[in-house]
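Undergrad: Supplied in structure tokens, the structure appears directly below.
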2 protein chains.
Amino acid sequence: MESVKDLLRLGARVDPVIEEYLLRDADPEFHEAILYPIRTGGKRLRPALTLASALAVGGRVEDALPAAAAVELAHNYSLIFDDIIDHSELRRGKPTLWKKYGISTAILVAVHYRESIAQALGDTRDPRTFSSIMARTLKLLVEGERLDVLFEQSGRGDEPYVVERRRSVVTLDDYLDMVYKKTGALIETACVFGALSGDGGAREVEALRRYGANLGIAFQVGDDIIDIFGREEVTGKKVGKDIEEHKLGNVVVILALEELSQSEGEELRSILRAERVGREELERAIDIISKTRARSRAEELRRRYVQEALQALSVLPSSEGREMLRALAEFVASREY
Amino acid sequence: MESVKDLLRLGARVDPVIEEYLLRDADPEFHEAILYPIRTGGKRLRPALTLASALAVGGRVEDALPAAAAVELAHNYSLIFDDIIDHSELRRGKPTLWKKYGISTAILVAVHYRESIAQALGDTRDPRTFSSIMARTLKLLVEGERLDVLFEQSGRGDEPYVVERRRSVVTLDDYLDMVYKKTGALIETACVFGALSGDGGAREVEALRRYGANLGIAFQVGDDIIDIFGREEVTGKKVGKDIEEHKLGNVVVILALEELSQSEGEELRSILRAERVGREELERAIDIISKTRARSRAEELRRRYVQEALQALSVLPSSEGREMLRALAEFVASREY
């Protein structure tokens with residue numbers, strides 16, 4: 001746990017760097033809205049991974065700060081749009097950007113974030129390489145989000161693209177492909193950016209890439225478990241939000257459907273397809289899921305990805321950075337609900 | 001006129017390059033939505049400026065194609081968001097992207113466009129410099145759009161940021177600042193990209209920068225005149241859209257208000273402030289404006305910016321590229337309604 005705290009303390013070092021890029025070429029009247037997403041919280045997990053990865057290959061924190069800033073900005077950039085796409089009104093217990101300022105302002109802030117990312121990437125060790133990796137990562141993220149939306153079973157009646165292409169069947173492989181793109185790719189890039197910033201060798205870069213990709217998937221699997229079985233007092237998140245949002249793209253739901261009898265499976269599906277999921281339906285859905293081994297199988301899946309991540313680390317020499325990465329993976333493996 | 005046609009033919013050479021970047025890292029199922037904004041038209045004016053600018057400094061078209069693609073992608077990227085922000089349902093006579101596919105898909109396509117821009121910039125003569133110029137340009141564009149929205153006199157009741165910061169007074173200087181950012185900066189960048197791609201010297205780059213910035217403002221002033229006085233049969237655009245959208249950020253309206261008596265000025269303002277601008281109010285507004293010298297003064301202003309643009313070209317040696325740029329400026333100066 002001490003090392004996890006070290007890691008998050010490390011991540012916080014990116015804040016002034018982020019703000020510097022965000023305020024560049026910005027009108028003072030725009031500052032408040034621009035800083036809102038960053039100042040309303042966030043654990044800075046991704047930049048922490050970048051900085052720890054730089055340390056793990058023998059590099060220096062200072063050399064990895066622009067790359068770390070770019071990664072955290074990319075994360076927030078995607079959240080601003082996710083909240084618009086999902087009509088989410090709260091994040092980290094506060095109004096989302098679009099809810100607070102309006103949708104036009106949220107879009108303009110998001111575009112401004114993307115240009116701050118570009119400016120940060122210009123200060124990395126190799127701007128062309130870093131920019132190209134980021135471009136590919138954000139295209140993957142778009143694809144992951146597109147799939148996540150297509151995995152919804154209802155809603156978006158005013159969105160012809162989604163209505164016409166919805167998936168009624170989502171396999172575990174479909175799910176893993178989607179979450180690698182939606183969550184894994186940016187966490188992978190966070191680690192790769194650190195390794196490259198620290199001038200790591202090809203074997204080290206590949207090890208940290210593998211660590212990040214696997215950790216990212218484990219992280220999302222954990223989020224899915226928490227969404228269904230978390231306790232609001234502990235997590236601060238609303239239970240069953242994925243079910244309310246008609247999402248079939250939650251690993252617990254997918255694993256439950258694999259096991260359920262036809263009639264109970266159909267009942268669960270019909271709740272996901274309902275126009276509005278009320279409290280009663282939500283409880284019934286969680287009830288149905290709880291009868292299966294979906295929870296323990298999801299936890300097993302998470303452990304497997306964490307194991308992969310830990311194994312990837314083994315090629316790196318022992319160091320403070322590697323220790324932080326190891327501790328983080330253990331933490332993700334055992335995150336409580 | 002022949003040279004203007006040559007210029008637009010030149011611009012069309014960018015299309016396969018644009019599509020190559022757009023389809024990179026894109027799922028086949030996503031192709032149709034990604035290509036929609038590009039395939040529904042557009043004059044390719046901006047990439048034409050890039051390619052002609054490269055020729056004007058003695059460079060080759062092929063060397064400027066990635067930069068030209070980036071510029072046209074940036075233009076379309078901004079249009080996708082503009083249409084969402086302005087709730088516009090038609091563009092170039094076809095449904096806008098969000099109207100056709102839904103808002104989530106439009107946002108995801110736009111984000112994908114931005115990454116295609118990054119990939120194109122990676123293939124330019126100097127990725128770091130081009131990326132940095134593009135980042136600054138798009139931040140300016142965001143600021144121009146922010147101001148344009150704040151210059152609206154009504155609407156957006158659900159957007160607290162706008163409602164609280166609206167401008168009730170907009171001077172000609174405020175206007176020129178806004179349109180340089182909203183329209184001038186990207187056209188300026190189109191020319192600078194061409195000059196840099198063609199390995200132009202500092203004096204040539206500066207000349208083309210000045211040409212582009214001035215042409216861009218002239219272009220927007222022309223658009224504003226067309227918006228108020230255009231004939232739909234000729235332009236294919238709805239007359240008075242700016243007034244319907246409550247925009248004080250139209251040069252004709254601003255110049256009219258400078259001249260009008262207090263009572264007629266107040267009447268025009270009250271139409272812009274009305275919750276809904278009907279056909280009758282629209283006609284009355286255009287009537288009031290027509291009594292002033294706003295139209296001829298706007299045309300005079302446009303001529304002045306075109307003159308500035310033409311003068312900037314004079315430092316360049318005579319060439320096919322320069323001739324196209326000259327012809328385009330003349331065309332912008334005399335564009336009919």
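Letters A, B, ... go to the chains of the structure tokens in the order shown; residues in each chain start at 1; ligands are counted from 1 in the same order.
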Got a sec to pull out which chain B residues are within 7 Å of chain A, counting only C-alpha atoms, and send them as a PDB file with C-alpha atoms, in the first residue's frame?

TA:
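Final file, part28.pdb:
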ATOM      1  CA  ASP B  25      -6.913   2.413 -37.859  1.00  0.00           C
ATOM      2  CA  ILE B  85     -23.141  23.559 -31.434  1.00  0.00           C
ATOM      3  CA  TYR B 101     -26.204   9.353 -37.587  1.00  0.00           C
ATOM      4  CA  GLY B 102     -26.860  10.807 -34.127  1.00  0.00           C
ATOM      5  CA  ILE B 103     -24.791  12.937 -31.806  1.00  0.00           C
ATOM      6  CA  SER B 104     -22.630  10.163 -30.275  1.00  0.00           C
ATOM      7  CA  THR B 105     -21.508   8.990 -33.681  1.00  0.00           C
ATOM      8  CA  LEU B 108     -16.723   9.917 -32.276  1.00  0.00           C
ATOM      9  CA  HIS B 112     -11.304  10.302 -35.246  1.00  0.00           C
ATOM     10  CA  GLU B 115      -6.314  11.864 -34.960  1.00  0.00           C
ATOM     11  CA  ALA B 118      -2.178  14.163 -36.289  1.00  0.00           C
ATOM     12  CA  GLN B 119      -1.249  11.269 -38.571  1.00  0.00           C
ATOM     13  CA  GLY B 122       3.459  13.213 -38.973  1.00  0.00           C
ATOM     14  CA  PRO B 127       6.200  17.183 -37.938  1.00  0.00           C
ATOM     15  CA  ARG B 128       7.019  19.036 -34.737  1.00  0.00           C
ATOM     16  CA  SER B 131       1.909  20.017 -35.243  1.00  0.00           C
ATOM     17  CA  SER B 132       2.664  22.996 -33.063  1.00  0.00           C
ATOM     18  CA  ALA B 135      -2.394  23.102 -32.214  1.00  0.00           C
ATOM     19  CA  ARG B 136      -2.233  26.873 -31.870  1.00  0.00           C
ATOM     20  CA  LEU B 138      -7.178  25.011 -33.479  1.00  0.00           C
ATOM     21  CA  LYS B 139      -7.004  26.716 -30.075  1.00  0.00           C
ATOM     22  CA  VAL B 142     -12.052  27.311 -30.425  1.00  0.00           C
ATOM     23  CA  ASP B 158     -29.805  25.410 -21.112  1.00  0.00           C
ATOM     24  CA  GLU B 159     -26.210  26.626 -21.398  1.00  0.00           C
ATOM     25  CA  PRO B 160     -25.287  28.571 -18.234  1.00  0.00           C
ATOM     26  CA  TYR B 161     -21.825  29.523 -19.496  1.00  0.00           C
TER      27      TYR B 161
END

Undergrad: Please, what distance in Å, to one decimal, runs between atom CA of Ala69 of chain B and atom CA of Val306 of chain B?

TA: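 Separating atom CA of Ala69 of chain B from atom CA of Val306 of chain B is a distance of 25.2 Å.
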
Undergrad: Using DSSP assignments from the backbone, pull out every residue in segment 22-244 of chain B that falls under helix (DSSP H, G or I) and give it to me as a count of residues only.

TA: 167

Undergrad: What are the DSSP strand (DSSP E or B) residues of segment 64-222 of chain B, as a list in words?

TA: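 In segment 64-222 of chain B, DSSP puts these residues in strand (DSSP E or B): Leu90, Arg91, Lys94, Pro95 and Glu152 of chain B.
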
Undergrad: Could you check which of B:Leu316, B:Ala70, B:Ala52, B:Ala207 is closest to Glu20 of chain B, using only C-alpha atoms?

TA: B:Ala70

Undergrad: Looking at only C-alpha atoms, which of A:Ile289, A:Leu282, A:Met324, A:Leu248 is the one that sits closest to Ser154 of chain A?

TA: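 Among the listed residues, the smallest separation from Ser154 of chain A belongs to A:Leu248.
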
Undergrad: List the spatial neighbours of Arg125 of chain B as a list in words - criterion: any atom at most 8 Å away, only C-alpha atoms, same-chain residues fewer than 6 positions off excluded.

TA: Asp63, Leu196 and Ser197 of chain B

Undergrad: In Å, rounded to a single decimal, give me how far atom CA of Ala54 of chain B is from atom CA of Tyr305 of chain B.

TA: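 Interatomic distance, atom CA of Tyr305 of chain B to atom CA of Ala54 of chain B: 22.2 Å.
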
Undergrad: Write out as a PyMOL selection string each polymer residue whose atoms come within 9 Å of Thr96 of chain B, counting only C-alpha atoms; drop sequence neighbours fewer than 5 positions from it.

TA: chain B and resi 37+80+83-84+88-91+101

Undergrad: Any chance you could export the current selection's N, CA and C atoms as a tab-separated table (two decimals), in the first residue's frame?

TA:
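Result file result_6.tsv:
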chain	number	residue	atom	x	y	z
B	37	PRO	N	-18.70	13.19	-44.06
B	37	PRO	CA	-18.49	14.64	-44.16
B	37	PRO	C	-17.65	15.03	-45.39
B	80	ILE	N	-17.98	19.70	-38.13
B	80	ILE	CA	-18.78	18.69	-37.42
B	80	ILE	C	-19.24	19.24	-36.07
B	83	ASP	N	-21.74	22.32	-36.35
B	83	ASP	CA	-23.11	21.91	-36.64
B	83	ASP	C	-23.82	21.39	-35.39
B	84	ILE	N	-23.06	20.71	-34.53
B	84	ILE	CA	-23.66	20.26	-33.26
B	84	ILE	C	-23.97	21.50	-32.40
B	88	SER	N	-27.42	22.83	-36.35
B	88	SER	CA	-27.69	22.91	-37.79
B	88	SER	C	-28.02	21.53	-38.34
B	89	GLU	N	-29.09	21.45	-39.11
B	89	GLU	CA	-29.54	20.15	-39.63
B	89	GLU	C	-29.12	19.93	-41.07
B	90	LEU	N	-28.75	20.99	-41.77
B	90	LEU	CA	-28.35	20.86	-43.18
B	90	LEU	C	-27.00	21.52	-43.42
B	91	ARG	N	-26.20	20.91	-44.26
B	91	ARG	CA	-24.94	21.50	-44.74
B	91	ARG	C	-24.74	21.02	-46.16
B	101	TYR	N	-26.59	10.55	-38.35
B	101	TYR	CA	-26.20	9.35	-37.59
B	101	TYR	C	-26.49	9.43	-36.09

Undergrad: Considering only C-alpha atoms, can you say which of A:Lys291, A:Gly249, A:Gly93, A:Val221 comes closest to Leu150 of chain A?

TA: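 Going through A:Lys291, A:Gly249, A:Gly93, A:Val221 one by one, the smallest distance to Leu150 of chain A is for A:Gly249.
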
Undergrad: List the spatial neighbours of Ala329 of chain B as a PyMOL selection string - criterion: any atom at most 12 Å away, only C-alpha atoms, same-chain residues fewer than 6 positions off excluded.

TA: chain B and resi 1+3-4+7+45+49+211-219+222+302-313+322-323+335

Undergrad: So which residues touch Arg13 of chain B within 12 Å, counting only C-alpha atoms, skipping near sequence neighbours fewer than 5 positions away, as number ranges by chain?

TA: B: 6-8, 18-19, 43-45, 47-48, 50-52, 61-62, 64-66, 68-69, 72
